[in-house]
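Notes follow the structure.
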Amino acid sequence: MMIKKNAEEKKFLKLRKCISKNQKGITLIALVVTIVVLLILAGVTITFVLGEGGILNMAKKAADETKNAIANDQADMESLVGQIDELLNDGNTSIEQVTDTTPGDLSGKGTQTDPYLIESIEDLVKFSSEVESGNKYEGQVVKLNVNLDFNSDKSYVNTSESKADLTTGSGFKPIGISETNSFNGTFNGGKHVIKNLYISGTGSVGLFGYTGENSSIKNITMIDVNIKTTGNYAGAIVGVNKGTIENAKTEGGKIEGNVNLGGIVGLGNKSKIISCINNSEVIGNRFIGGIAGYLQNSSKIENSSNKGTITGNGSLLSDNLYHLDMGGIAGSCSSSEISNCTNNGKVIGVEQDKNSIIFGGIVGSGGDNSVIYLCYNNVNIGNLEAEMAQIGGIAGTLSSNSTISSCFNLKEITGQTAIGGIVGLMGYRIDCIYR
């Protein structure tokens, strides 16, 4: 037995000498040979290591299967985004001369089969005025029946009376300017578009300012929005949403303000946002997201995608730091859920003297009882200047009682402090892929 062992040791020395003859450091090949020889010395056969069912082949097979699984998941996600895109936009964005014979007077009865019809800019303004006066349209249906462009004479019946007021100054008055006088019915965009919506306000702004828990907004595309607020809530579709938004899309333009800013919704409170796409720029100070700025109270974002650039400046708080929470889908969420969502838009934190920044590919900060699953990020994210930063491919931070599962990040994450391919700073478990 001793003779056999000495012979095996001589083979090992001869192999090692051969491998390292012209190298100063051990190579990967030398390492593999070393492992194989040690296994031989331990009584393990070459077949077990290198054979068809051997360790190395099995390891390679597992790596290939993981790679294929990632590719398949990404393909499925991209296919889903394509289907949503196709559903939202039938390709007809042309503006035709409106033929509304009763501008400012919505025809129809407000039912599913005979909805109130918006057929001109004047009708849209009247609709906003009615909600401001206390008509919540509870249980009623309003439908957009034509494409509208605030900058085009074709969308007005009486251009001289209203166009200038709606494209300068404070612009269009959001539908539902307060929580008390909020829209609580159904608005069906009919797969039509609204172009060049201009709002410069102080409160909750968007096409809708406030919506109630029974509200439903669907099948609408906003093109080249120009929305600014010095208040705290802004989104192309709704500033503060408590209802359901489905099949909504933004394309071009900018949403700009202070806090709680999103491409679709500023603040989601007990809300559902389903199959929506943002491709507009969102700029603000804190709680900024491609779909929603902030989610709370069992809100959900499902099957949605961001393509727009998200830029955060930071809010100077009492600790003398610029705080910033932003994400490709949501700036922050608390007791809420984000699922089947993708981010392909840049997430950029503007440099300040002192920063405390939290941002991620999907969500900036994941608060108590939040769930993020089946999501992926496909852009590089990083900040090399911030003194304190939590940056992750999926989430910047995640609380101890929240979860991320079945998510993956495909791009590079950079920074100085708490940086992660999936989560920058977390207190629970993950089941995700980073490459």
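Chain labels A, B, ... are given in the sequence in which chains occur in the structure tokens; within each chain residues are numbered consecutively from 1, and ligands are likewise numbered from 1 in the order shown.
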Using only C-alpha atoms, find each residue in segment 166-228 of chain A having at least one atom no more than 12 Å away from segment 120-141 of chain A; report its shortest atom-to-atom pair and that distance in Å (one decimal), rows by chain then rising number, as a tab-separated table.
```
residue	atom	partner	partner_atom	distance
A:Leu166	CA	A:Val125	CA	9.3
A:Thr167	CA	A:Ile121	CA	11.8
A:Gly171	CA	A:Val125	CA	10.9
A:Phe172	CA	A:Val125	CA	7.7
A:Lys173	CA	A:Ser128	CA	6.9
A:Pro174	CA	A:Ser128	CA	6.5
A:Ile175	CA	A:Ser128	CA	4.3
A:Gly176	CA	A:Val131	CA	5.6
A:Ile177	CA	A:Glu132	CA	6.3
A:Ser178	CA	A:Glu132	CA	7.9
A:Glu179	CA	A:Glu132	CA	10.3
A:Thr180	CA	A:Gly134	CA	8.1
A:Asn181	CA	A:Gly134	CA	5.3
A:Ser182	CA	A:Lys136	CA	6.0
A:Phe183	CA	A:Lys136	CA	4.7
A:Asn184	CA	A:Glu138	CA	5.1
A:Gly185	CA	A:Glu138	CA	4.6
A:Thr186	CA	A:Val141	CA	4.7
A:Phe187	CA	A:Val141	CA	6.0
A:Asn188	CA	A:Val141	CA	7.4
A:Gly189	CA	A:Val141	CA	10.7
A:Gly190	CA	A:Val141	CA	11.7
A:Ile194	CA	A:Ile121	CA	9.8
A:Lys195	CA	A:Ile121	CA	11.1
A:Asn196	CA	A:Ile121	CA	11.9
A:Leu197	CA	A:Ile121	CA	10.8
A:Gly206	CA	A:Ser128	CA	11.7
A:Leu207	CA	A:Ser128	CA	9.3
A:Phe208	CA	A:Ser128	CA	8.5
A:Gly209	CA	A:Ser128	CA	9.8
A:Tyr210	CA	A:Val131	CA	10.2
A:Thr211	CA	A:Lys136	CA	9.0
A:Gly212	CA	A:Lys136	CA	8.6
A:Glu213	CA	A:Glu138	CA	10.3
A:Asn214	CA	A:Glu138	CA	7.6
A:Ser215	CA	A:Glu138	CA	7.9
A:Ser216	CA	A:Val141	CA	9.2
A:Ile217	CA	A:Val141	CA	10.0
A:Lys218	CA	A:Val141	CA	11.3
```
Cut-off 12 Å: closest segment 196-230 of chain A/segment 280-298 of chain A atom pairs per residue, using only C-alpha atoms, as a tab-separated table:
```
residue	atom	partner	partner_atom	distance
A:Thr221	CA	A:Ser280	CA	11.5
A:Met222	CA	A:Ser280	CA	9.4
A:Ile223	CA	A:Ser280	CA	8.5
A:Asp224	CA	A:Ser280	CA	7.7
A:Val225	CA	A:Ser280	CA	7.9
A:Asn226	CA	A:Ser280	CA	9.7
A:Ile227	CA	A:Val282	CA	9.7
A:Lys228	CA	A:Ile283	CA	9.6
A:Thr229	CA	A:Gly284	CA	9.8
A:Thr230	CA	A:Gly284	CA	10.2
```
Any chance you could export the current selection's N, CA and C atoms as a CSV table (one decimal), in the first residue's frame?
```csv
chain,number,residue,atom,x,y,z
A,221,THR,N,-53.3,57.1,-23.6
A,221,THR,CA,-51.9,57.4,-23.8
A,221,THR,C,-51.7,58.9,-23.7
A,222,MET,N,-50.7,59.4,-22.9
A,222,MET,CA,-50.4,60.8,-22.8
A,222,MET,C,-49.1,61.0,-23.5
A,223,ILE,N,-49.1,61.9,-24.5
A,223,ILE,CA,-47.9,62.2,-25.3
A,223,ILE,C,-47.4,63.6,-25.1
A,224,ASP,N,-46.1,63.7,-24.8
A,224,ASP,CA,-45.4,65.0,-24.6
A,224,ASP,C,-46.0,65.9,-23.6
A,225,VAL,N,-46.2,65.3,-22.4
A,225,VAL,CA,-46.7,66.1,-21.2
A,225,VAL,C,-45.7,67.1,-20.8
A,226,ASN,N,-46.3,68.2,-20.2
A,226,ASN,CA,-45.4,69.2,-19.6
A,226,ASN,C,-46.1,69.6,-18.3
A,227,ILE,N,-45.7,68.9,-17.2
A,227,ILE,CA,-46.3,69.0,-15.9
A,227,ILE,C,-45.3,69.5,-14.9
A,228,LYS,N,-45.7,70.6,-14.2
A,228,LYS,CA,-44.8,71.1,-13.2
A,228,LYS,C,-45.7,71.4,-11.9
A,229,THR,N,-45.1,71.2,-10.8
A,229,THR,CA,-45.8,71.5,-9.5
A,229,THR,C,-44.9,72.0,-8.5
A,230,THR,N,-45.3,72.9,-7.7
A,230,THR,CA,-44.5,73.3,-6.5
A,230,THR,C,-45.1,72.6,-5.3
```
Asn147 of chain A environment, 9 Å, only C-alpha atoms, sequence neighbours closer than 6 positions dropped, as number ranges by chain: A: 92-96, 98, 119-120, 155, 191-195
Residues from last step as file, N, CA and C atoms, as an mmCIF file, in the first residue's frame:
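Result written to selection.cif:
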```
data_model
loop_
_atom_site.group_PDB
_atom_site.id
_atom_site.type_symbol
_atom_site.label_atom_id
_atom_site.label_comp_id
_atom_site.auth_asym_id
_atom_site.auth_seq_id
_atom_site.Cartn_x
_atom_site.Cartn_y
_atom_site.Cartn_z
ATOM 1 N N ASN A 92 -52.641 54.752 -33.906
ATOM 2 C CA ASN A 92 -53.331 55.923 -34.433
ATOM 3 C C ASN A 92 -53.198 57.082 -33.453
ATOM 4 N N THR A 93 -52.264 57.986 -33.721
ATOM 5 C CA THR A 93 -52.070 59.162 -32.864
ATOM 6 C C THR A 93 -52.324 60.456 -33.635
ATOM 7 N N SER A 94 -52.885 60.349 -34.822
ATOM 8 C CA SER A 94 -53.132 61.537 -35.635
ATOM 9 C C SER A 94 -54.248 62.383 -35.034
ATOM 10 N N ILE A 95 -54.174 63.663 -35.270
ATOM 11 C CA ILE A 95 -55.166 64.606 -34.768
ATOM 12 C C ILE A 95 -56.053 65.057 -35.919
ATOM 13 N N GLU A 96 -57.330 64.790 -35.798
ATOM 14 C CA GLU A 96 -58.308 65.206 -36.802
ATOM 15 C C GLU A 96 -59.144 66.362 -36.262
ATOM 16 N N VAL A 98 -62.003 68.184 -34.745
ATOM 17 C CA VAL A 98 -63.147 67.721 -33.955
ATOM 18 C C VAL A 98 -64.448 68.189 -34.604
ATOM 19 N N GLU A 119 -65.508 64.883 -26.726
ATOM 20 C CA GLU A 119 -65.274 64.963 -28.163
ATOM 21 C C GLU A 119 -64.538 66.238 -28.578
ATOM 22 N N SER A 120 -64.042 66.987 -27.588
ATOM 23 C CA SER A 120 -63.273 68.209 -27.866
ATOM 24 C C SER A 120 -62.555 68.629 -26.598
ATOM 25 N N SER A 155 -58.285 70.454 -32.269
ATOM 26 C CA SER A 155 -58.907 69.833 -31.098
ATOM 27 C C SER A 155 -59.899 70.756 -30.393
ATOM 28 N N LYS A 191 -58.449 53.953 -26.002
ATOM 29 C CA LYS A 191 -57.192 53.811 -26.737
ATOM 30 C C LYS A 191 -56.845 55.062 -27.543
ATOM 31 N N HIS A 192 -57.375 56.188 -27.094
ATOM 32 C CA HIS A 192 -57.040 57.462 -27.728
ATOM 33 C C HIS A 192 -55.873 58.116 -27.001
ATOM 34 N N VAL A 193 -55.371 59.213 -27.593
ATOM 35 C CA VAL A 193 -54.227 59.925 -27.020
ATOM 36 C C VAL A 193 -54.616 61.355 -26.674
ATOM 37 N N ILE A 194 -53.925 61.879 -25.648
ATOM 38 C CA ILE A 194 -53.985 63.303 -25.326
ATOM 39 C C ILE A 194 -52.560 63.834 -25.433
ATOM 40 N N LYS A 195 -52.369 64.828 -26.288
ATOM 41 C CA LYS A 195 -51.035 65.369 -26.528
ATOM 42 C C LYS A 195 -50.885 66.748 -25.878
#
```
Selection: 7 Å around Thr342 of chain A, only C-alpha atoms, excl. self and same-chain fewer than 3 positions, as a PyMOL selection string: chain A and resi 304-306+375-377
Would you compute the distance between atom CA of Asn378 of chain A and atom CA of Leu324 of chain A? Give it in Å to one decimal.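 Atom CA of Leu324 of chain A lies at a distance of 21.2 Å from atom CA of Asn378 of chain A.
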Could you state the separation of atom CA of Phe408 of chain A and atom CA of Ile422 of chain A in Å, given to one decimal place? 7.1 Å
Which residue, A:Asn344, A:Gln97, A:Asn355, A:Ser107, has the smallest gap to Asn380 of chain A when you use only C-alpha atoms?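 Among the listed residues, A:Asn344 lies closest to Asn380 of chain A.
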Polymer residues at most 7 Å from Tyr233 of chain A, only C-alpha atoms, same-chain spacing of 2 or more positions, as a tab-separated table (two decimals) with N, CA and C atoms, in the first residue's frame:
```tsv
chain	number	residue	atom	x	y	z
A	203	GLY	N	-50.75	72.17	-6.37
A	203	GLY	CA	-51.29	71.05	-5.60
A	203	GLY	C	-50.94	69.71	-6.21
A	204	SER	N	-51.90	68.79	-6.18
A	204	SER	CA	-51.75	67.48	-6.78
A	204	SER	C	-52.12	67.59	-8.25
A	205	VAL	N	-51.18	67.30	-9.15
A	205	VAL	CA	-51.42	67.59	-10.56
A	205	VAL	C	-51.20	66.36	-11.44
A	231	GLY	N	-46.12	71.76	-5.50
A	231	GLY	CA	-46.72	70.95	-4.44
A	231	GLY	C	-46.03	69.62	-4.28
A	239	GLY	N	-52.31	62.61	-9.84
A	239	GLY	CA	-51.42	63.07	-8.76
A	239	GLY	C	-51.52	62.16	-7.56
A	240	VAL	N	-52.74	62.01	-6.99
A	240	VAL	CA	-52.98	61.10	-5.87
A	240	VAL	C	-54.07	60.13	-6.28
A	259	VAL	N	-41.78	66.43	-4.33
A	259	VAL	CA	-41.75	65.05	-3.84
A	259	VAL	C	-42.98	64.29	-4.33
A	260	ASN	N	-42.89	62.96	-4.30
A	260	ASN	CA	-43.98	62.07	-4.74
A	260	ASN	C	-44.32	62.31	-6.21
A	261	LEU	N	-43.38	61.95	-7.07
A	261	LEU	CA	-43.52	62.18	-8.50
A	261	LEU	C	-43.36	60.86	-9.24
A	266	GLY	N	-48.35	60.08	-8.84
A	266	GLY	CA	-47.47	60.65	-7.81
A	266	GLY	C	-47.50	59.81	-6.55
A	267	LEU	N	-48.70	59.67	-5.96
A	267	LEU	CA	-48.88	58.87	-4.75
A	267	LEU	C	-49.98	57.85	-4.99
```
List as a ChimeraX atom specification the protein and nucleic acid residues near Leu425 of chain A, meaning an atom at most 8 Å away when only C-alpha atoms are counted, but skip any in the same chain fewer than 3 places from it. /A:390-392,396-398,418-420
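We find atom CA of Ile199 of chain A and atom CA of Leu117 of chain A to be spaced 22.9 Å apart.
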